[in-house]
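Visitor: Enclosed is the structure file start_6.pdb (PDB, C-alpha atoms and all ligand atoms).
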```
ATOM      1  CA  MET A   1      99.972 -80.430 -12.225
ATOM      2  CA  ARG A   2     102.177 -77.435 -11.476
ATOM      3  CA  CYS A   3     102.665 -74.924 -14.296
ATOM      4  CA  PRO A   4     106.312 -75.127 -15.469
ATOM      5  CA  PHE A   5     106.274 -71.423 -16.332
ATOM      6  CA  CYS A   6     104.841 -69.699 -13.265
ATOM      7  CA  GLY A   7     104.537 -72.435 -10.649
ATOM      8  CA  ASN A   8     100.762 -72.186 -10.321
ATOM      9  CA  ILE A   9      99.331 -75.521  -9.170
ATOM     10  CA  ASP A  10      95.840 -75.079 -10.549
ATOM     11  CA  THR A  11      96.212 -75.901 -14.264
ATOM     12  CA  GLN A  12      93.513 -77.221 -16.595
ATOM     13  CA  VAL A  13      93.443 -80.169 -18.989
ATOM     14  CA  LYS A  14      92.274 -78.977 -22.409
ATOM     15  CA  ASP A  15      92.609 -82.163 -24.387
ATOM     16  CA  SER A  16      93.490 -85.823 -23.701
ATOM     17  CA  ARG A  17      94.238 -88.421 -26.297
ATOM     18  CA  PRO A  18      96.109 -91.700 -26.714
ATOM     19  CA  ALA A  19      99.703 -91.420 -27.860
ATOM     20  CA  GLU A  20     102.547 -93.700 -28.854
ATOM     21  CA  ASP A  21     100.260 -96.472 -30.015
ATOM     22  CA  HIS A  22      98.141 -96.323 -26.858
ATOM     23  CA  VAL A  23     100.912 -96.820 -24.348
ATOM     24  CA  ALA A  24     100.496 -93.236 -23.167
ATOM     25  CA  ILE A  25      97.862 -90.564 -22.751
ATOM     26  CA  ARG A  26      98.884 -87.146 -23.957
ATOM     27  CA  ARG A  27      97.281 -84.205 -22.203
ATOM     28  CA  ARG A  28      97.383 -80.616 -23.351
ATOM     29  CA  ARG A  29      97.273 -78.364 -20.311
ATOM     30  CA  PHE A  30      96.592 -74.707 -19.847
ATOM     31  CA  CYS A  31      97.582 -72.432 -16.990
ATOM     32  CA  PRO A  32      94.915 -69.807 -16.288
ATOM     33  CA  ALA A  33      97.370 -67.786 -14.190
ATOM     34  CA  CYS A  34      99.963 -67.069 -16.898
ATOM     35  CA  GLY A  35      98.334 -68.377 -20.093
ATOM     36  CA  GLY A  36     101.088 -70.979 -20.509
ATOM     37  CA  ARG A  37     100.410 -74.193 -22.401
ATOM     38  CA  PHE A  38     102.238 -77.446 -21.870
ATOM     39  CA  THR A  39     101.899 -81.169 -22.473
ATOM     40  CA  THR A  40     102.034 -84.061 -20.047
ATOM     41  CA  TYR A  41     102.120 -87.791 -20.676
ATOM     42  CA  GLU A  42     100.573 -90.430 -18.503
ATOM     43  CA  ARG A  43     101.968 -93.943 -18.764
ATOM     44  CA  VAL A  44     102.159 -97.194 -16.892
ATOM     45  CA  GLN A  45     105.161 -97.491 -14.672
ATOM     46  CA  LEU A  46     106.084-101.122 -14.388
ATOM     47  CA  ARG A  47     108.528-100.623 -11.574
ATOM     48  CA  ASP A  48     110.479 -97.923  -9.844
ATOM     49  CA  LEU A  49     113.965 -97.780 -11.255
ATOM     50  CA  ILE A  50     116.982 -96.716  -9.266
ATOM     51  CA  VAL A  51     120.066 -95.314 -10.962
ATOM     52  CA  ILE A  52     123.422 -96.254  -9.462
ATOM     53  CA  LYS A  53     125.900 -93.520 -10.204
ATOM     54  CA  SER A  54     129.594 -94.290 -10.619
ATOM     55  CA  ASN A  55     130.322 -92.840  -7.182
ATOM     56  CA  GLY A  56     127.914 -95.408  -5.751
ATOM     57  CA  ARG A  57     125.120 -92.939  -4.990
ATOM     58  CA  ARG A  58     121.583 -94.103  -5.710
ATOM     59  CA  GLU A  59     118.880 -91.929  -7.073
ATOM     60  CA  ASP A  60     115.410 -92.402  -8.505
ATOM     61  CA  PHE A  61     115.355 -92.746 -12.259
ATOM     62  CA  ASP A  62     114.216 -89.421 -13.684
ATOM     63  CA  ARG A  63     112.526 -89.834 -17.042
ATOM     64  CA  PRO A  64     112.133 -86.077 -17.720
ATOM     65  CA  LYS A  65     115.882 -85.674 -17.213
ATOM     66  CA  LEU A  66     116.522 -88.429 -19.743
ATOM     67  CA  GLU A  67     114.076 -86.807 -22.154
ATOM     68  CA  ARG A  68     115.795 -83.456 -21.755
ATOM     69  CA  SER A  69     119.205 -84.813 -22.675
ATOM     70  CA  ILE A  70     117.826 -86.665 -25.702
ATOM     71  CA  ARG A  71     115.810 -83.655 -26.836
ATOM     72  CA  ILE A  72     118.929 -81.499 -26.676
ATOM     73  CA  ALA A  73     120.985 -84.036 -28.614
ATOM     74  CA  LEU A  74     118.272 -84.080 -31.297
ATOM     75  CA  GLN A  75     117.816 -80.331 -31.442
ATOM     76  CA  LYS A  76     117.338 -79.087 -35.022
ATOM     77  CA  ARG A  77     117.701 -82.606 -36.376
ATOM     78  CA  PRO A  78     115.134 -83.887 -38.870
ATOM     79  CA  VAL A  79     113.519 -86.314 -36.417
ATOM     80  CA  GLU A  80     109.771 -86.238 -35.829
ATOM     81  CA  PRO A  81     108.738 -85.548 -32.208
ATOM     82  CA  GLU A  82     106.605 -88.710 -32.364
ATOM     83  CA  ARG A  83     109.635 -90.751 -33.316
ATOM     84  CA  MET A  84     111.622 -89.251 -30.484
ATOM     85  CA  ASP A  85     108.854 -90.057 -27.985
ATOM     86  CA  GLN A  86     108.741 -93.625 -29.254
ATOM     87  CA  MET A  87     112.473 -93.899 -28.879
ATOM     88  CA  ILE A  88     112.371 -92.606 -25.304
ATOM     89  CA  SER A  89     109.547 -95.000 -24.412
ATOM     90  CA  GLY A  90     111.516 -97.824 -25.978
ATOM     91  CA  ILE A  91     114.562 -96.956 -23.866
ATOM     92  CA  VAL A  92     112.508 -96.842 -20.674
ATOM     93  CA  ARG A  93     110.771-100.126 -21.494
ATOM     94  CA  ARG A  94     114.153-101.707 -22.073
ATOM     95  CA  LEU A  95     115.361-100.458 -18.703
ATOM     96  CA  GLU A  96     112.200-101.664 -17.006
ATOM     97  CA  SER A  97     112.438-105.101 -18.531
ATOM     98  CA  MET A  98     116.072-105.677 -17.600
ATOM     99  CA  GLY A  99     114.950-107.595 -14.546
ATOM    100  CA  GLU A 100     116.828-105.333 -12.142
ATOM    101  CA  THR A 101     115.519-102.316 -10.311
ATOM    102  CA  ASP A 102     119.039-100.973  -9.824
ATOM    103  CA  ILE A 103     120.655 -99.842 -13.043
ATOM    104  CA  PRO A 104     124.163 -98.382 -13.367
ATOM    105  CA  SER A 105     124.134 -94.919 -14.966
ATOM    106  CA  GLY A 106     126.657 -96.173 -17.541
ATOM    107  CA  THR A 107     124.183 -98.771 -18.784
ATOM    108  CA  ILE A 108     121.580 -96.080 -19.360
ATOM    109  CA  GLY A 109     124.085 -93.975 -21.295
ATOM    110  CA  GLU A 110     124.975 -96.906 -23.513
ATOM    111  CA  ILE A 111     121.341 -97.739 -24.255
ATOM    112  CA  VAL A 112     120.660 -94.097 -25.145
ATOM    113  CA  MET A 113     123.675 -94.017 -27.463
ATOM    114  CA  GLU A 114     122.581 -97.198 -29.185
ATOM    115  CA  ALA A 115     119.084 -95.829 -29.717
ATOM    116  CA  LEU A 116     120.358 -92.483 -31.006
ATOM    117  CA  ALA A 117     122.809 -94.175 -33.350
ATOM    118  CA  ARG A 118     119.861 -95.896 -35.004
ATOM    119  CA  ILE A 119     117.848 -92.765 -35.655
ATOM    120  CA  ASP A 120     120.323 -89.909 -36.163
ATOM    121  CA  THR A 121     124.097 -90.019 -36.470
ATOM    122  CA  VAL A 122     124.647 -86.352 -35.663
ATOM    123  CA  ALA A 123     122.600 -86.614 -32.470
ATOM    124  CA  TYR A 124     124.501 -89.738 -31.562
ATOM    125  CA  VAL A 125     127.855 -88.011 -31.957
ATOM    126  CA  ARG A 126     126.662 -85.012 -29.911
ATOM    127  CA  PHE A 127     125.448 -87.220 -27.119
ATOM    128  CA  ALA A 128     128.401 -89.597 -27.178
ATOM    129  CA  SER A 129     131.107 -86.928 -27.185
ATOM    130  CA  VAL A 130     129.611 -85.110 -24.218
ATOM    131  CA  TYR A 131     128.636 -88.290 -22.424
ATOM    132  CA  LYS A 132     132.165 -89.656 -22.534
ATOM    133  CA  ASN A 133     133.604 -86.508 -21.002
ATOM    134  CA  PHE A 134     131.206 -86.639 -18.124
ATOM    135  CA  GLN A 135     131.210 -90.330 -17.451
ATOM    136  CA  ALA A 136     133.969 -89.894 -14.895
ATOM    137  CA  ALA A 137     132.417 -86.859 -13.280
ATOM    138  CA  ASP A 138     128.977 -88.450 -13.468
ATOM    139  CA  ASP A 139     127.365 -85.095 -13.067
ATOM    140  CA  PHE A 140     124.251 -85.342 -15.150
ATOM    141  CA  ASP A 141     123.113 -81.755 -14.721
ATOM    142  CA  LYS A 142     126.456 -80.472 -15.869
ATOM    143  CA  PHE A 143     126.254 -82.964 -18.686
ATOM    144  CA  VAL A 144     122.894 -81.645 -19.817
ATOM    145  CA  SER A 145     124.050 -78.038 -19.719
ATOM    146  CA  GLU A 146     127.141 -78.946 -21.727
ATOM    147  CA  LEU A 147     124.950 -80.554 -24.381
ATOM    148  CA  ARG A 148     122.937 -77.397 -24.830
ATOM    149  CA  PRO A 149     123.930 -75.610 -28.039
ATOM    150  CA  ASP A 150     124.862 -71.924 -27.912
ATOM    151  CA  ASP A 151     121.528 -70.681 -29.157
ATOM    152  CA  PRO A 152     118.743 -72.417 -27.263
ATOM    153  CA  GLU A 153     115.674 -72.210 -29.399
ATOM    154  CA  GLU A 154     113.002 -74.077 -27.481
TER     155      GLU A 154
HETATM  156 ZN    ZN B   1     101.458 -70.568 -15.349
END
```
In structure tokens, what does this structure look like?
Ligand SMILES: [Zn+2]
Guide:
Amino acid sequence: MRCPFCGNIDTQVKDSRPAEDHVAIRRRRFCPACGGRFTTYERVQLRDLIVIKSNGRREDFDRPKLERSIRIALQKRPVEPERMDQMISGIVRRLESMGETDIPSGTIGEIVMEALARIDTVAYVRFASVYKNFQAADDFDKFVSELRPDDPEE
């Protein structure tokens, strides 16, 4: 697993344990090159999902991208990281069990909004207001950068 800080490929697993009620394995990793520490999750992938953007382009579903946007929406909100992970897993399981491999990006946005609305209203409003502006543009990277508050603290 490549180190997200320095790009070194040769990182070490320091600790592995079940997470999210045994649907995932959480691994703490260490990079001997830069001393960086990071966490990875291993989970079953039921099927490969394809996102259909509003301009018709298809791209592989990118769970880390989804996580990033949700993490930003929940920044500084009183929501336990565990709870957030469970929510993200729940969203992905819902997508995987929809019976289709091809999922419109708008459907994903709506499912995320529903899930956020249930756990934190402020995060929901953050996500929804930005999401609606970018639905037309459908530019997820721009969307994520727009969500980022002025003082990134992570
Ligand atoms: Zn490193």
Visitor: Which one is closest to A:Thr107: A:Val79, A:Val130, A:Ile88, A:Val51? Count all atoms listed in the file.
Guide: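 Nearest to A:Thr107: A:Val51.
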Visitor: Neighbours of ligand ZN 1 (chain B) at 10 Å or closer, counting all atoms listed in the file: which residues, as a list in words?
Guide: Arg2, Cys3, Pro4, Phe5, Cys6, Gly7, Asn8, Ile9, Asp10, Thr11, Phe30, Cys31, Pro32, Ala33, Cys34, Gly35, Gly36, Arg37 and Phe38 of chain A
Visitor: What is the atom CA of A:Gln12 to atom CA of A:Arg71 distance in Å?
Guide: 25.4 Å
Visitor: Could you pull the residues within 10 Å of A:Asp60, counting only C-alpha atoms, minus those fewer than 6 positions along the same chain, as a list in words?
Guide: Asp48, Leu49, Ile50, Val51, Ile52 and Asp102 of chain A
Visitor: Evaluate the PyMOL selection byres (((chain A and resi 93) around 12) and not hetatm) against this structure - the residues, as JSON, numbers by chain, please.
Guide: {"A": [23, 43, 44, 45, 46, 47, 48, 49, 63, 86, 87, 88, 89, 90, 91, 92, 94, 95, 96, 97, 98, 99, 108, 111]}
Visitor: Which residues come within 12 Å of A:Leu116, counting all atoms listed in the file, excluding same-chain residues fewer than 6 positions away, as a ChimeraX atom specification?
Guide: /A:69-74,77,79,83-84,86-88,90-91,109-110,122-128
Visitor: Output C-alpha atoms for every residue in that selection, as a short mmCIF file (atom, residue, chain, number, x, y, z; two decimals), keeping the file's coordinate frame.
Guide:
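The result, stored in out23.cif:
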```cif
data_model
loop_
_atom_site.label_atom_id
_atom_site.label_comp_id
_atom_site.auth_asym_id
_atom_site.auth_seq_id
_atom_site.Cartn_x
_atom_site.Cartn_y
_atom_site.Cartn_z
CA SER A 69 119.20 -84.81 -22.68
CA ILE A 70 117.83 -86.66 -25.70
CA ARG A 71 115.81 -83.66 -26.84
CA ILE A 72 118.93 -81.50 -26.68
CA ALA A 73 120.98 -84.04 -28.61
CA LEU A 74 118.27 -84.08 -31.30
CA ARG A 77 117.70 -82.61 -36.38
CA VAL A 79 113.52 -86.31 -36.42
CA ARG A 83 109.64 -90.75 -33.32
CA MET A 84 111.62 -89.25 -30.48
CA GLN A 86 108.74 -93.62 -29.25
CA MET A 87 112.47 -93.90 -28.88
CA ILE A 88 112.37 -92.61 -25.30
CA GLY A 90 111.52 -97.82 -25.98
CA ILE A 91 114.56 -96.96 -23.87
CA GLY A 109 124.08 -93.98 -21.30
CA GLU A 110 124.98 -96.91 -23.51
CA VAL A 122 124.65 -86.35 -35.66
CA ALA A 123 122.60 -86.61 -32.47
CA TYR A 124 124.50 -89.74 -31.56
CA VAL A 125 127.86 -88.01 -31.96
CA ARG A 126 126.66 -85.01 -29.91
CA PHE A 127 125.45 -87.22 -27.12
CA ALA A 128 128.40 -89.60 -27.18
#
```
Visitor: So which one's closest to A:Thr101, A:Arg58, A:His22, A:Arg28, A:Arg17? Using only C-alpha atoms, please.
Guide: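 Of A:Arg58, A:His22, A:Arg28, A:Arg17, the one nearest A:Thr101, counting only C-alpha atoms, is A:Arg58.
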Visitor: Counting all atoms listed in the file, figure out which residue out of A:Asp120, A:Glu20, A:Asp85, A:Glu100 gets nearest to A:Glu67.
Guide: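 For A:Glu67, the nearest of the candidates is A:Asp85.
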Visitor: Could you check how far atom CA of A:Lys132 sits from atom CA of A:Glu114, in Å to one decimal?
Guide: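 Between atom CA of A:Lys132 and atom CA of A:Glu114 the gap works out to 13.9 Å.
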Visitor: Smallest atom-to-atom distance to A:Ser16: which of A:Asn55, A:Tyr41, A:Met1, A:Ile103, using all atoms listed in the file?
Guide: A:Tyr41
Visitor: Kindly provide, as a list in words, the polymer residues lying within 8 Å of (93.1, -88.3, -25.2), counting all atoms listed in the file and using the coordinates exactly as they appear in the file.
Guide: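 Counting all atoms listed in the file, I find these residues within 8 Å of (93.1, -88.3, -25.2): Asp15, Ser16, Arg17, Pro18, Ala19, Ile25, Arg26 and Arg27 of chain A.
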Visitor: Would you write out those residues with C-alpha atoms, as a PDB file, in the frame of the given file?
Guide:
```
ATOM      1  CA  ASP A  15      92.609 -82.163 -24.387  1.00  0.00           C
ATOM      2  CA  SER A  16      93.490 -85.823 -23.701  1.00  0.00           C
ATOM      3  CA  ARG A  17      94.238 -88.421 -26.297  1.00  0.00           C
ATOM      4  CA  PRO A  18      96.109 -91.700 -26.714  1.00  0.00           C
ATOM      5  CA  ALA A  19      99.703 -91.420 -27.860  1.00  0.00           C
ATOM      6  CA  ILE A  25      97.862 -90.564 -22.751  1.00  0.00           C
ATOM      7  CA  ARG A  26      98.884 -87.146 -23.957  1.00  0.00           C
ATOM      8  CA  ARG A  27      97.281 -84.205 -22.203  1.00  0.00           C
TER       9      ARG A  27
END
```
Visitor: Hey, can you check how far atom CA of A:Ile119 sits from atom CA of A:Glu59?
Guide: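 Result for atom CA of A:Ile119 versus atom CA of A:Glu59: 28.6 Å, one decimal.
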Visitor: I need the residue nearest A:Pro104 from this list: A:Thr40, A:Gln75, A:Ser54, A:Thr121. Use all atoms listed in the file for the distance.
Guide: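 Comparing A:Thr40, A:Gln75, A:Ser54, A:Thr121 against A:Pro104, the winner is A:Ser54.
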Visitor: Between A:Val112, A:Asp21, A:Pro64, A:Val13, which is the closest to A:Thr39 once you count all atoms listed in the file?
Guide: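 Among the listed residues, the smallest separation from A:Thr39 belongs to A:Val13.
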